[in-house]
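Participant: This one is run.cif, mmCIF, C-alpha atoms.
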```cif
data_data
loop_
_atom_site.group_PDB
_atom_site.id
_atom_site.type_symbol
_atom_site.label_atom_id
_atom_site.label_comp_id
_atom_site.auth_asym_id
_atom_site.auth_seq_id
_atom_site.Cartn_x
_atom_site.Cartn_y
_atom_site.Cartn_z
ATOM 1 C CA VAL A 1 42.228 38.375 6.000
ATOM 2 C CA ASP A 2 45.364 40.122 7.255
ATOM 3 C CA CYS A 3 44.090 43.252 8.945
ATOM 4 C CA LEU A 4 44.771 45.696 11.733
ATOM 5 C CA PHE A 5 42.003 46.941 13.994
ATOM 6 C CA LEU A 6 42.600 50.286 15.671
ATOM 7 C CA TYR A 7 40.559 52.146 18.213
ATOM 8 C CA ARG A 8 40.776 55.281 20.280
ATOM 9 C CA ASP A 9 41.460 54.922 23.990
ATOM 10 C CA ASN A 10 39.181 57.872 24.824
ATOM 11 C CA PHE A 11 36.044 56.080 23.633
ATOM 12 C CA MET A 12 33.621 58.130 25.725
ATOM 13 C CA PRO A 13 29.872 57.340 25.518
ATOM 14 C CA ASN A 14 28.794 60.963 25.213
ATOM 15 C CA ARG A 15 31.161 61.881 22.390
ATOM 16 C CA VAL A 16 29.978 61.939 18.810
ATOM 17 C CA ASP A 17 33.353 62.393 17.100
ATOM 18 C CA ARG A 18 34.846 58.986 17.873
ATOM 19 C CA HIS A 19 36.105 56.729 15.104
ATOM 20 C CA LEU A 20 37.163 53.175 14.495
ATOM 21 C CA PHE A 21 39.799 52.318 11.901
ATOM 22 C CA LEU A 22 40.406 49.041 10.101
ATOM 23 C CA MET A 23 43.415 48.458 7.838
ATOM 24 C CA THR A 24 43.273 45.511 5.451
ATOM 25 C CA GLU A 25 45.260 44.251 2.497
ATOM 26 C CA ARG A 26 42.218 43.934 0.232
ATOM 27 C CA LEU A 27 38.642 45.132 0.079
ATOM 28 C CA THR A 28 36.052 42.864 1.635
ATOM 29 C CA ARG A 29 33.070 43.027 3.973
ATOM 30 C CA PHE A 30 33.387 43.464 7.734
ATOM 31 C CA VAL A 31 30.842 43.644 10.507
ATOM 32 C CA LEU A 32 31.437 45.670 13.643
ATOM 33 C CA VAL A 33 29.455 44.263 16.572
ATOM 34 C CA GLY A 34 29.262 45.799 20.005
ATOM 35 C CA GLU A 35 27.178 45.781 23.144
ATOM 36 C CA ALA A 36 26.735 48.042 26.133
ATOM 37 C CA SER A 37 29.117 47.507 29.014
ATOM 38 C CA ASN A 38 27.647 46.120 32.222
ATOM 39 C CA THR A 39 29.147 49.095 34.048
ATOM 40 C CA SER A 40 27.810 51.636 31.545
ATOM 41 C CA VAL A 41 25.577 54.287 33.086
ATOM 42 C CA GLU A 42 24.020 55.372 29.805
ATOM 43 C CA ARG A 43 22.060 53.228 27.417
ATOM 44 C CA PRO A 44 23.656 52.565 24.015
ATOM 45 C CA PHE A 45 22.632 54.807 21.162
ATOM 46 C CA LYS A 46 22.738 54.885 17.391
ATOM 47 C CA ILE A 47 23.891 58.039 15.627
ATOM 48 C CA LEU A 48 21.421 59.097 12.948
ATOM 49 C CA ARG A 49 21.716 61.861 10.378
ATOM 50 C CA LEU A 50 18.534 63.731 9.487
ATOM 51 C CA ALA A 51 18.075 65.551 6.190
ATOM 52 C CA VAL A 52 15.097 67.568 4.919
ATOM 53 C CA PHE A 53 14.371 67.719 1.183
ATOM 54 C CA ALA A 54 11.688 69.493 -0.832
ATOM 55 C CA PRO A 55 11.140 69.468 -4.615
ATOM 56 C CA LEU A 56 11.444 72.514 -6.810
ATOM 57 C CA PRO A 57 7.890 73.663 -7.673
ATOM 58 C CA LEU A 58 6.678 72.923 -11.189
ATOM 59 C CA SER A 59 4.739 76.211 -11.287
ATOM 60 C CA PRO A 60 5.024 79.616 -9.558
ATOM 61 C CA GLN A 61 1.789 79.012 -7.602
ATOM 62 C CA PRO A 62 1.669 75.316 -6.621
ATOM 63 C CA LEU A 63 -1.443 74.119 -4.814
ATOM 64 C CA ASP A 64 0.565 72.012 -2.377
ATOM 65 C CA TYR A 65 4.102 71.738 -1.082
ATOM 66 C CA GLY A 66 5.739 68.486 -0.007
ATOM 67 C CA VAL A 67 8.734 67.874 2.226
ATOM 68 C CA ARG A 68 10.584 64.632 2.966
ATOM 69 C CA VAL A 69 12.592 64.005 6.138
ATOM 70 C CA TYR A 70 15.211 61.271 5.691
ATOM 71 C CA ILE A 71 16.534 59.174 8.573
ATOM 72 C CA LEU A 72 20.029 58.104 7.520
ATOM 73 C CA GLU A 73 23.098 56.395 8.827
ATOM 74 C CA ASP A 74 25.636 58.984 9.890
ATOM 75 C CA THR A 75 27.941 58.503 6.898
ATOM 76 C CA GLN A 76 28.864 60.674 3.943
ATOM 77 C CA ALA A 77 27.987 57.862 1.511
ATOM 78 C CA ALA A 78 24.447 57.593 2.916
ATOM 79 C CA LEU A 79 23.818 61.303 2.450
ATOM 80 C CA GLU A 80 25.300 61.411 -1.036
ATOM 81 C CA GLY A 81 23.125 58.472 -2.082
ATOM 82 C CA VAL A 82 19.965 60.295 -1.019
ATOM 83 C CA VAL A 83 21.138 63.537 -2.656
ATOM 84 C CA GLN A 84 21.549 61.737 -5.974
ATOM 85 C CA MET A 85 18.154 60.047 -5.605
ATOM 86 C CA GLU A 86 16.463 63.366 -4.777
ATOM 87 C CA LYS A 87 17.994 65.040 -7.818
ATOM 88 C CA GLN A 88 15.952 62.688 -9.980
ATOM 89 C CA HIS A 89 12.811 64.124 -8.346
ATOM 90 C CA ARG A 90 13.992 67.751 -8.422
ATOM 91 C CA GLY A 91 14.615 67.606 -4.686
ATOM 92 C CA CYS A 92 16.751 70.176 -2.845
ATOM 93 C CA LEU A 93 18.313 70.015 0.611
ATOM 94 C CA MET A 94 16.463 72.703 2.573
ATOM 95 C CA ASP A 95 18.638 72.995 5.700
ATOM 96 C CA LYS A 96 21.922 71.657 7.005
ATOM 97 C CA THR A 97 21.874 68.000 7.936
ATOM 98 C CA LYS A 98 22.013 67.289 11.672
ATOM 99 C CA SER A 99 22.956 64.355 13.891
ATOM 100 C CA LEU A 100 20.700 62.767 16.494
ATOM 101 C CA LEU A 101 21.616 60.314 19.254
ATOM 102 C CA PHE A 102 18.883 57.673 19.061
ATOM 103 C CA GLN A 103 18.877 55.680 22.305
ATOM 104 C CA GLU A 104 18.129 52.016 22.716
ATOM 105 C CA GLY A 105 15.040 51.416 24.790
ATOM 106 C CA GLY A 106 11.991 51.287 22.558
ATOM 107 C CA ALA A 107 10.990 54.953 22.230
ATOM 108 C CA ASN A 108 9.721 56.024 18.804
ATOM 109 C CA LEU A 109 11.131 58.815 16.646
ATOM 110 C CA CYS A 110 8.771 61.823 16.582
ATOM 111 C CA LEU A 111 8.513 64.339 13.735
ATOM 112 C CA SER A 112 6.272 67.389 13.596
ATOM 113 C CA LEU A 113 5.686 70.662 11.737
ATOM 114 C CA GLU A 114 5.440 73.979 13.555
ATOM 115 C CA ASP A 115 5.140 77.691 12.742
ATOM 116 C CA ILE A 116 3.586 77.116 9.311
ATOM 117 C CA SER A 117 3.443 80.448 7.495
ATOM 118 C CA PRO A 118 0.089 82.150 6.737
ATOM 119 C CA GLY A 119 -1.604 80.909 3.583
ATOM 120 C CA TRP A 120 -0.679 77.268 4.191
ATOM 121 C CA ARG A 121 -1.807 74.408 6.388
ATOM 122 C CA SER A 122 -0.921 70.782 6.906
ATOM 123 C CA LYS A 123 -2.890 68.566 4.562
ATOM 124 C CA LEU A 124 -5.411 66.380 6.413
ATOM 125 C CA GLN A 125 -4.091 67.977 9.615
ATOM 126 C CA ALA A 126 -1.221 65.488 9.510
ATOM 127 C CA ASP A 127 1.485 67.651 11.069
ATOM 128 C CA TYR A 128 2.768 64.956 13.471
ATOM 129 C CA GLN A 129 4.180 61.503 12.732
ATOM 130 C CA GLU A 130 6.017 58.795 14.621
ATOM 131 C CA VAL A 131 8.419 56.204 13.244
ATOM 132 C CA PRO A 132 8.381 52.971 15.306
ATOM 133 C CA PHE A 133 11.559 52.312 17.253
ATOM 134 C CA GLN A 134 12.305 49.007 15.510
ATOM 135 C CA HIS A 135 12.010 50.605 12.046
ATOM 136 C CA VAL A 136 14.818 52.978 12.981
ATOM 137 C CA TRP A 137 16.970 50.737 15.187
ATOM 138 C CA THR A 138 17.092 47.741 12.836
ATOM 139 C CA SER A 139 16.618 49.500 9.501
ATOM 140 C CA SER A 140 18.845 48.246 6.694
ATOM 141 C CA GLN A 141 17.488 50.619 4.058
ATOM 142 C CA ASN A 142 19.038 53.998 3.395
ATOM 143 C CA HIS A 143 15.899 55.795 2.225
ATOM 144 C CA LEU A 144 13.757 55.567 5.374
ATOM 145 C CA HIS A 145 11.805 58.821 5.476
ATOM 146 C CA CYS A 146 8.603 60.596 6.479
ATOM 147 C CA SER A 147 6.636 62.856 4.147
ATOM 148 C CA PHE A 148 4.567 65.913 5.016
ATOM 149 C CA THR A 149 2.321 67.812 2.602
ATOM 150 C CA LEU A 150 1.091 71.380 2.968
ATOM 151 C CA GLU A 151 -1.856 72.753 1.019
ATOM 152 C CA ARG A 152 -2.436 76.344 0.032
ATOM 153 C CA THR A 153 -5.250 78.260 1.758
ATOM 154 C CA GLU A 154 -4.473 81.651 0.232
ATOM 155 C CA ARG A 155 -4.027 81.913 -3.487
ATOM 156 C CA MET A 156 -1.503 84.736 -3.425
ATOM 157 C CA ALA A 157 0.842 83.432 -0.713
ATOM 158 C CA PRO A 158 4.260 84.137 -2.303
ATOM 159 C CA SER A 159 6.291 81.847 -0.041
ATOM 160 C CA VAL A 160 6.056 79.012 2.427
ATOM 161 C CA SER A 161 7.999 78.589 5.644
ATOM 162 C CA PHE A 162 7.819 76.270 8.631
ATOM 163 C CA ARG A 163 9.918 74.335 11.117
ATOM 164 C CA VAL A 164 10.471 70.580 11.238
ATOM 165 C CA LEU A 165 11.058 69.234 14.741
ATOM 166 C CA VAL A 166 12.620 65.803 15.272
ATOM 167 C CA SER A 167 13.233 64.039 18.587
ATOM 168 C CA GLN A 168 13.025 60.656 20.221
ATOM 169 C CA ASN A 169 9.979 60.278 22.410
ATOM 170 C CA GLY A 170 10.987 61.167 25.944
ATOM 171 C CA CYS A 171 14.391 62.602 24.906
ATOM 172 C CA HIS A 172 13.514 66.219 24.131
ATOM 173 C CA SER A 173 16.996 67.423 25.106
ATOM 174 C CA GLN A 174 18.139 65.931 21.790
ATOM 175 C CA ARG A 175 15.485 67.718 19.734
ATOM 176 C CA LEU A 176 16.522 68.884 16.267
ATOM 177 C CA VAL A 177 15.002 71.897 14.544
ATOM 178 C CA PHE A 178 15.071 72.373 10.764
ATOM 179 C CA ARG A 179 13.925 75.627 9.181
ATOM 180 C CA VAL A 180 12.384 75.564 5.721
ATOM 181 C CA ASN A 181 11.809 78.776 3.799
ATOM 182 C CA SER A 182 10.959 78.630 0.103
ATOM 183 C CA ASP A 183 10.171 81.569 -2.176
ATOM 184 C CA LEU A 184 7.597 80.208 -4.626
ATOM 185 C CA SER A 185 7.272 83.415 -6.636
ATOM 186 C CA SER A 186 10.868 83.374 -7.865
ATOM 187 C CA ASP A 187 12.076 81.679 -11.030
ATOM 188 C CA SER A 188 15.303 80.677 -9.350
ATOM 189 C CA THR A 189 15.988 78.615 -6.288
ATOM 190 C CA SER A 190 19.226 78.655 -4.394
ATOM 191 C CA SER A 191 20.388 76.267 -1.754
ATOM 192 C CA SER A 192 23.674 76.477 0.094
ATOM 193 C CA PHE A 193 23.287 73.063 1.650
ATOM 194 C CA GLY A 194 24.913 70.026 0.091
ATOM 195 C CA PRO A 195 26.802 67.005 1.376
ATOM 196 C CA GLN A 196 28.852 68.065 4.367
ATOM 197 C CA GLY A 197 32.018 69.847 3.327
ATOM 198 C CA CYS A 198 30.513 70.906 -0.016
ATOM 199 C CA ARG A 199 28.600 73.914 -1.213
ATOM 200 C CA THR A 200 25.806 73.386 -3.752
ATOM 201 C CA VAL A 201 24.395 76.316 -5.697
ATOM 202 C CA THR A 202 21.247 75.695 -7.723
ATOM 203 C CA SER A 203 20.109 78.360 -10.147
ATOM 204 C CA SER A 204 18.418 78.962 -13.518
ATOM 205 C CA SER A 205 14.751 78.910 -14.396
ATOM 206 C CA GLY A 206 12.469 75.950 -14.825
ATOM 207 C CA CYS A 207 14.300 72.746 -14.078
ATOM 208 C CA GLY A 208 17.309 74.429 -12.479
ATOM 209 C CA SER A 209 20.941 73.520 -12.727
ATOM 210 C CA SER A 210 23.430 72.864 -9.956
ATOM 211 C CA VAL A 211 27.155 72.968 -9.415
ATOM 212 C CA THR A 212 28.730 71.411 -6.330
ATOM 213 C CA THR A 213 32.146 72.557 -5.178
ATOM 214 C CA CYS A 214 34.045 71.409 -2.120
ATOM 215 C CA ASP A 215 35.551 74.195 -0.073
ATOM 216 C CA THR A 216 38.151 72.021 1.634
ATOM 217 C CA LYS A 217 38.985 68.511 0.538
ATOM 218 C CA PRO A 218 41.027 66.290 2.825
ATOM 219 C CA PHE A 219 44.589 65.885 1.584
ATOM 220 C CA LYS A 220 45.492 62.675 -0.214
ATOM 221 C CA PHE A 221 48.939 61.534 -1.238
ATOM 222 C CA GLY A 222 49.512 61.022 -4.931
ATOM 223 C CA ARG A 223 51.247 57.847 -6.075
ATOM 224 C CA THR A 224 54.501 59.604 -6.911
ATOM 225 C CA LEU A 225 54.732 61.463 -3.589
ATOM 226 C CA ARG A 226 53.764 58.350 -1.652
ATOM 227 C CA ARG A 227 56.508 56.352 -3.384
ATOM 228 C CA GLN A 228 59.099 59.086 -2.795
ATOM 229 C CA LEU A 229 58.285 59.326 0.906
ATOM 230 C CA SER A 230 58.438 55.554 1.254
ATOM 231 C CA GLN A 231 61.840 55.438 -0.423
ATOM 232 C CA CYS A 232 62.975 58.165 1.930
ATOM 233 C CA LEU A 233 61.663 56.773 5.231
ATOM 234 C CA ASP A 234 61.566 52.984 4.762
ATOM 235 C CA PRO A 235 65.335 52.325 4.981
ATOM 236 C CA PRO A 236 66.575 52.152 8.600
ATOM 237 C CA ASN A 237 69.374 54.533 9.583
ATOM 238 C CA THR A 238 71.691 55.131 12.518
ATOM 239 C CA SER A 239 69.705 58.160 13.691
ATOM 240 C CA CYS A 240 66.541 56.015 13.891
ATOM 241 C CA ASN A 241 64.518 58.869 12.361
ATOM 242 C CA ASP A 242 62.911 56.570 9.828
ATOM 243 C CA TRP A 243 59.384 55.174 9.606
ATOM 244 C CA ARG A 244 59.594 53.954 13.205
ATOM 245 C CA MET A 245 60.075 57.483 14.541
ATOM 246 C CA LEU A 246 57.291 58.718 12.265
ATOM 247 C CA ALA A 247 54.939 56.135 13.791
ATOM 248 C CA GLN A 248 56.009 57.254 17.261
ATOM 249 C CA ARG A 249 55.427 60.943 16.464
ATOM 250 C CA LEU A 250 51.966 60.090 15.093
ATOM 251 C CA ASN A 251 51.146 58.117 18.278
ATOM 252 C CA ILE A 252 50.691 54.810 16.457
ATOM 253 C CA ASP A 253 53.942 53.155 17.545
ATOM 254 C CA ARG A 254 51.931 50.441 19.338
ATOM 255 C CA TYR A 255 51.424 48.938 15.859
ATOM 256 C CA LEU A 256 55.120 48.812 14.918
ATOM 257 C CA ASN A 257 55.083 45.009 14.697
ATOM 258 C CA TYR A 258 52.243 45.171 12.175
ATOM 259 C CA PHE A 259 53.931 47.836 10.034
ATOM 260 C CA ALA A 260 57.210 45.924 10.123
ATOM 261 C CA THR A 261 55.632 42.972 8.289
ATOM 262 C CA LYS A 262 54.760 45.140 5.265
ATOM 263 C CA PRO A 263 56.951 45.680 2.192
ATOM 264 C CA SER A 264 56.642 49.444 2.788
ATOM 265 C CA PRO A 265 55.873 50.379 6.415
ATOM 266 C CA THR A 266 55.793 54.079 5.494
ATOM 267 C CA GLU A 267 53.028 53.557 2.951
ATOM 268 C CA HIS A 268 50.785 51.902 5.540
ATOM 269 C CA ILE A 269 51.536 54.610 8.083
ATOM 270 C CA LEU A 270 50.549 57.264 5.536
ATOM 271 C CA ASP A 271 47.356 55.348 4.719
ATOM 272 C CA LEU A 272 46.357 55.420 8.367
ATOM 273 C CA TRP A 273 47.349 59.079 8.698
ATOM 274 C CA GLU A 274 45.085 60.013 5.770
ATOM 275 C CA ALA A 275 42.138 58.224 7.358
ATOM 276 C CA ARG A 276 42.612 59.708 10.818
ATOM 277 C CA HIS A 277 43.488 63.296 9.945
ATOM 278 C CA ARG A 278 40.911 65.171 7.855
ATOM 279 C CA GLU A 279 41.366 68.626 9.391
ATOM 280 C CA PRO A 280 42.634 71.532 7.195
ATOM 281 C CA THR A 281 45.909 71.833 9.163
ATOM 282 C CA ALA A 282 46.794 68.134 8.853
ATOM 283 C CA VAL A 283 49.407 68.535 6.092
ATOM 284 C CA THR A 284 51.133 71.418 7.875
ATOM 285 C CA ASP A 285 51.266 69.362 11.062
ATOM 286 C CA LEU A 286 52.793 66.416 9.205
ATOM 287 C CA VAL A 287 55.452 68.606 7.599
ATOM 288 C CA ASN A 288 56.345 70.051 11.011
ATOM 289 C CA ILE A 289 56.633 66.542 12.463
ATOM 290 C CA LEU A 290 59.045 65.559 9.702
ATOM 291 C CA ARG A 291 61.150 68.661 10.379
ATOM 292 C CA VAL A 292 61.268 67.933 14.134
ATOM 293 C CA MET A 293 62.405 64.404 13.254
ATOM 294 C CA GLY A 294 65.295 65.895 11.334
ATOM 295 C CA ARG A 295 63.881 64.701 8.013
ATOM 296 C CA SER A 296 63.886 67.938 6.062
ATOM 297 C CA ASP A 297 64.321 65.855 2.921
ATOM 298 C CA ALA A 298 60.909 64.225 3.422
ATOM 299 C CA ALA A 299 59.319 67.563 4.336
ATOM 300 C CA ALA A 300 60.782 69.093 1.172
ATOM 301 C CA LEU A 301 59.089 66.407 -0.937
ATOM 302 C CA ILE A 302 55.662 67.472 0.360
ATOM 303 C CA GLU A 303 56.480 71.188 -0.007
ATOM 304 C CA LYS A 304 57.647 70.629 -3.580
ATOM 305 C CA GLN A 305 54.207 69.300 -4.499
ATOM 306 C CA LEU A 306 52.034 71.617 -2.400
ATOM 307 C CA GLY A 307 54.174 74.735 -2.047
ATOM 308 C CA PRO A 308 56.330 76.179 0.755
ATOM 309 C CA TRP A 309 53.442 78.247 2.183
ATOM 310 C CA LEU A 310 52.090 75.273 4.156
#
```
Spell out the structure here as structure tokens.
Facilitator:
Amino acid sequence: VDCLFLYRDNFMPNRVDRHLFLMTERLTRFVLVGEASNTSVERPFKILRLAVFAPLPLSPQPLDYGVRVYILEDTQAALEGVVQMEKQHRGCLMDKTKSLLFQEGGANLCLSLEDISPGWRSKLQADYQEVPFQHVWTSSQNHLHCSFTLERTERMAPSVSFRVLVSQNGCHSQRLVFRVNSDLSSDSTSSSFGPQGCRTVTSSSGCGSSVTTCDTKPFKFGRTLRRQLSQCLDPPNTSCNDWRMLAQRLNIDRYLNYFATKPSPTEHILDLWEARHREPTAVTDLVNILRVMGRSDAAALIEKQLGPWL
């Protein structure tokens, strides 16, 4: 498979926001394998994403209240898969998802409930659980989770609230805290937590209905704009402000030989730019780069589609 593997030079062990990029001509399966450096001070870790779900109550005064804590891979697809699965069971995301650095070394993942509101208690006194290290470290399933159940001790308790604490045994500096607060007396339930980057509002009585809207979607080039930019920047010129200068300005000129083998180098450069730049100011930055290059014609193509207020 003809592919290009890219990495960041500042691959620091204590940074969570590092990425690896792989460009390939066609979709297929790849495996990324790594091991700790012999000179590494810290042990390797796996980034997990934790999410807490609870079902909408079937009645205003339920006798018990269940919550599920999912241990996911730190990817958007993993979270969206669980969200869709939970919808089938009337499940709602109760707090923002959070990342945890799970270190290699054999320590289990610990989960517990604290500060349970009056009128409720943990069923069978099971307010603490541990997930074995190997279940988390080598898990290939995307629905690994722990369940807690609270039972009502006061008939008229109008709401239930508690905290879910998650940490790796012996690594309490990485402890996560989720806050759950559910009004059981209301006919409507609202949740502002959806897949990261989206806002989900659930309302209505009974079964509830939800609408998910994304506040800021990463920019993607349409086919027409991509083709126009390629026609503009692919041909070499005497000023050298073509696709080669664009690659240099985007700090990916080390891959010029790879781009040069493609029918449209600009198209591959834009593909990589889309993958690496997801911030809200990315399009404005790209337009400014094109202007600095002296390619106002290419900048005008983007402004024509998105507006001159960029």
Participant: For A:Gly91, which of A:Gly119, A:Pro280, A:Pro132, A:Gly66 is the closest residue, counting all atoms listed in the file?
Facilitator: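 Among A:Gly119, A:Pro280, A:Pro132, A:Gly66, it is A:Gly66 that comes nearest to A:Gly91.
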Participant: Go ahead and compute the interatomic distance for atom CA of A:Glu151 and atom CA of A:Arg179, in Å to one decimal.
Facilitator: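 Computing it gives 18.0 Å between the two atoms.
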Participant: Run the PyMOL selection byres ((chain A and resi 233) around 10) on the file and write out the hits as a ChimeraX atom specification.
Facilitator: /A:228-232,234-237,240-246,264-267,295,297-298
Participant: Can you work out which one of A:Met85, A:Leu270, A:Ala51, A:Leu111 has the shortest atom-to-atom distance to A:Arg175, counting only C-alpha atoms?
Facilitator: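 Once distances to A:Arg175 are computed over only C-alpha atoms, the minimum belongs to A:Leu111.
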Participant: For the file shown, report as a PDB file with C-alpha atoms, keeping the file's coordinate frame the outcome of the PyMOL selection byres ((chain A and resi 93) around 6) at residue level.
Facilitator:
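Once everything was written out, this is selection_6.pdb:
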```pdb
ATOM      1  CA  VAL A  52      15.097  67.568   4.919  1.00  0.00           C
ATOM      2  CA  PHE A  53      14.371  67.719   1.183  1.00  0.00           C
ATOM      3  CA  CYS A  92      16.751  70.176  -2.845  1.00  0.00           C
ATOM      4  CA  MET A  94      16.463  72.703   2.573  1.00  0.00           C
ATOM      5  CA  ASP A  95      18.638  72.995   5.700  1.00  0.00           C
ATOM      6  CA  PHE A 193      23.287  73.063   1.650  1.00  0.00           C
TER       7      PHE A 193
END
```
Participant: Could you check which of A:Gly170, A:Pro263, A:Gly294, A:Gly106 is closest to A:Thr138, using only C-alpha atoms?
Facilitator: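 Distance minimum relative to A:Thr138 lands on A:Gly106.
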Participant: Taking into account all atoms listed in the file, which residue in the set A:Phe148, A:Tyr65, A:Trp273, A:Phe45 is nearest to A:Phe21?
Facilitator: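 Comparing A:Phe148, A:Tyr65, A:Trp273, A:Phe45 against A:Phe21, the winner is A:Trp273.
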Participant: Around all listed atoms of stretch 274-291 of chain A, padded 3 Å per side, what centre and edge lengths does the axis-aligned box have in Å to one decimal, as JSON?
Facilitator:
```
{"center_x": 51.0, "center_y": 65.0, "center_z": 9.1, "size_x": 26.2, "size_y": 19.6, "size_z": 12.7}
```
Participant: When you draw a straight line from atom CA of A:Asp253 to atom CA of A:Ala299, how long is it in Å?
Facilitator: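 Atom-to-atom, atom CA of A:Asp253 and atom CA of A:Ala299 are spaced 20.3 Å apart.
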Participant: Which residues, written as a list in words, have at least one atom at most 8 Å from stretch 99-102 of chain A, with all atoms listed in the file counted and residues fewer than 6 positions away on the same chain left out?
Facilitator: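 Result of the neighbour search: Phe45, Lys46, Ile47, Leu48, Arg49, Leu50, Asp74, Ser167, Gln168, Gln174, Arg175 and Leu176 of chain A.
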